[in-house]
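Engineer: Contents of work.tsv (TSV, C-alpha atoms):
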chain	number	residue	atom	x	y	z
A	1	MET	CA	7.44	0.81	-8.55
A	2	LEU	CA	8.55	-1.43	-11.36
A	3	ARG	CA	7.94	-5.15	-11.02
A	4	LEU	CA	9.28	-8.14	-12.95
A	5	ASN	CA	8.34	-11.53	-11.49
A	6	ASN	CA	9.53	-11.36	-7.86
A	7	ARG	CA	11.94	-8.46	-8.46
A	8	VAL	CA	10.95	-4.87	-7.67
A	9	ARG	CA	12.57	-1.48	-8.17
A	10	PHE	CA	11.55	1.88	-6.73
A	11	THR	CA	12.25	5.36	-8.02
A	12	ASN	CA	14.19	7.79	-5.82
A	13	ALA	CA	11.01	9.82	-5.35
A	14	GLU	CA	9.12	6.75	-4.10
A	15	THR	CA	11.82	5.78	-1.62
A	16	ASP	CA	12.13	9.37	-0.38
A	17	LYS	CA	8.37	9.68	0.10
A	18	LEU	CA	8.12	6.44	2.10
A	19	LEU	CA	11.22	7.32	4.12
A	20	THR	CA	9.36	10.34	5.52
A	21	ILE	CA	7.12	7.94	7.48
A	22	GLY	CA	9.95	5.57	8.41
A	23	ILE	CA	9.73	2.95	5.67
A	24	ASN	CA	13.17	2.41	4.10
A	25	LEU	CA	12.85	0.67	0.73
A	26	SER	CA	16.20	1.83	-0.63
A	27	GLY	CA	17.79	-1.64	-0.51
A	28	VAL	CA	14.66	-3.66	-1.23
A	29	ARG	CA	14.74	-5.69	-4.45
A	30	THR	CA	12.08	-8.41	-3.92
A	31	GLN	CA	8.48	-8.73	-2.72
A	32	SER	CA	9.71	-10.55	0.40
A	33	GLY	CA	11.95	-7.55	1.08
A	34	ILE	CA	8.94	-5.24	0.90
A	35	ASN	CA	7.06	-7.52	3.31
A	36	ALA	CA	10.00	-7.56	5.73
A	37	GLU	CA	10.37	-3.78	5.69
A	38	PHE	CA	6.66	-3.20	6.31
A	39	ALA	CA	6.74	-5.78	9.14
A	40	ARG	CA	9.75	-4.00	10.69
A	41	TRP	CA	7.93	-0.66	10.37
A	42	ALA	CA	4.68	-2.02	11.87
A	43	ASN	CA	6.55	-3.62	14.80
A	44	ALA	CA	8.40	-0.38	15.53
A	45	LEU	CA	5.15	1.57	15.31
A	46	ALA	CA	3.42	-0.92	17.63
A	47	ARG	CA	6.14	-0.37	20.24
A	48	LYS	CA	6.33	3.42	19.99
A	49	ARG	CA	2.82	4.49	18.88
A	50	PRO	CA	0.28	1.67	19.25
A	51	ASP	CA	-2.53	4.24	19.09
A	52	LEU	CA	-1.38	5.36	15.64
A	53	LEU	CA	-1.02	1.79	14.39
A	54	GLU	CA	-4.59	1.12	15.58
A	55	LYS	CA	-5.87	4.15	13.65
A	56	ILE	CA	-4.04	3.00	10.51
A	57	GLY	CA	-5.53	-0.49	10.89
A	58	HIS	CA	-9.05	0.88	11.28
A	59	GLU	CA	-8.67	3.11	8.22
A	60	LEU	CA	-7.32	0.25	6.08
A	61	SER	CA	-10.18	-1.96	7.23
A	62	ARG	CA	-12.72	0.73	6.38
A	63	ILE	CA	-11.26	1.21	2.91
A	64	LEU	CA	-11.15	-2.52	2.19
A	65	GLN	CA	-14.78	-2.99	3.23
A	66	GLN	CA	-16.09	-0.36	0.80
A	67	PRO	CA	-17.73	-1.80	-2.30
A	68	GLU	CA	-15.68	-1.40	-5.44
A	69	LYS	CA	-17.07	1.34	-7.67
A	70	THR	CA	-17.24	0.61	-11.37
A	71	GLN	CA	-16.58	3.36	-13.88
A	72	ALA	CA	-18.94	3.80	-16.78
A	73	ILE	CA	-17.48	3.45	-20.25
A	74	HIS	CA	-18.68	6.07	-22.72
A	75	GLY	CA	-21.98	4.93	-24.22
A	76	THR	CA	-22.48	2.03	-21.77
A	77	ASP	CA	-23.47	3.88	-18.60
A	78	LYS	CA	-26.63	1.74	-18.20
A	79	LEU	CA	-24.78	-1.60	-18.31
A	80	GLU	CA	-23.82	-3.51	-15.17
A	81	PRO	CA	-20.75	-5.75	-14.90
A	82	GLY	CA	-21.51	-9.46	-15.42
A	83	TRP	CA	-19.42	-10.83	-12.54
Could you quickly redo this structure as structure tokens?

Structural biologist:
Amino acid sequence: MLRLNNRVRFTNAETDKLLTIGINLSGVRTQSGINAEFARWANALARKRPDLLEKIGHELSRILQQPEKTQAIHGTDKLEPGW
């Protein structure tokens, strides 16, 4: 995905990959368009496969709750981030 301010562009490979799970980003050109397409997809999934949407939600929640792992930079593997 390429992004410039609020404008977005997707490669053909990206749109084809997402289309395999029912997300059609071929006409999307803005962040609000991405949001609308994911909302449409989630609503359709909630109607047809609420069990699958629940599993996706649990997995996203699990991933977001994991602590962020920091990568050591060569020669500084004993240093901790200051934030």

Engineer: Go through segment 6-26 of chain A residue by residue and, counting all atoms listed in the file, keep those with an atom at most 10 Å from segment 40-56 of chain A; for each kept residue give the shortest atom pair and its distance in Å to one decimal, ordered by chain and increasing number, as a Markdown table.

Structural biologist:
| residue | atom | partner | partner_atom | distance |
| --- | --- | --- | --- | --- |
| A:Ile21 | CA | A:Trp41 | CA | 9.1 |
| A:Gly22 | CA | A:Trp41 | CA | 6.8 |
| A:Ile23 | CA | A:Trp41 | CA | 6.2 |
| A:Asn24 | CA | A:Trp41 | CA | 8.7 |

Engineer: Hey, can you check how far atom CA of Leu2 of chain A sits from atom CA of Ser32 of chain A?

Structural biologist: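 Rounded to one decimal, the two atoms are 14.9 Å apart.
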
Engineer: Give me, as JSON, numbers by chain, all polymer residues having an atom no more than 9 Å from Met1 of chain A, counting only C-alpha atoms and skipping those fewer than 3 positions away in the same chain.

Structural biologist: {"A": [8, 9, 10, 11, 14]}

Engineer: What is the distance between atom CA of Arg62 of chain A and atom CA of Leu18 of chain A, in Å to one decimal?

Structural biologist: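 Taking atom CA of Arg62 of chain A as the start and atom CA of Leu18 of chain A as the end point, the length is 22.0 Å.
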
Engineer: Would you work out the distance separating atom CA of Glu37 of chain A from atom CA of Leu64 of chain A, expressed in Å to one decimal?

Structural biologist: 21.8 Å

Engineer: With all atoms listed in the file as the basis for distance, which of A:Lys17, A:Ser61, A:Arg7, A:Asn12 is at the shortest distance from Thr30 of chain A?

Structural biologist: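 Counting all atoms listed in the file, the residue closest to Thr30 of chain A is A:Arg7.
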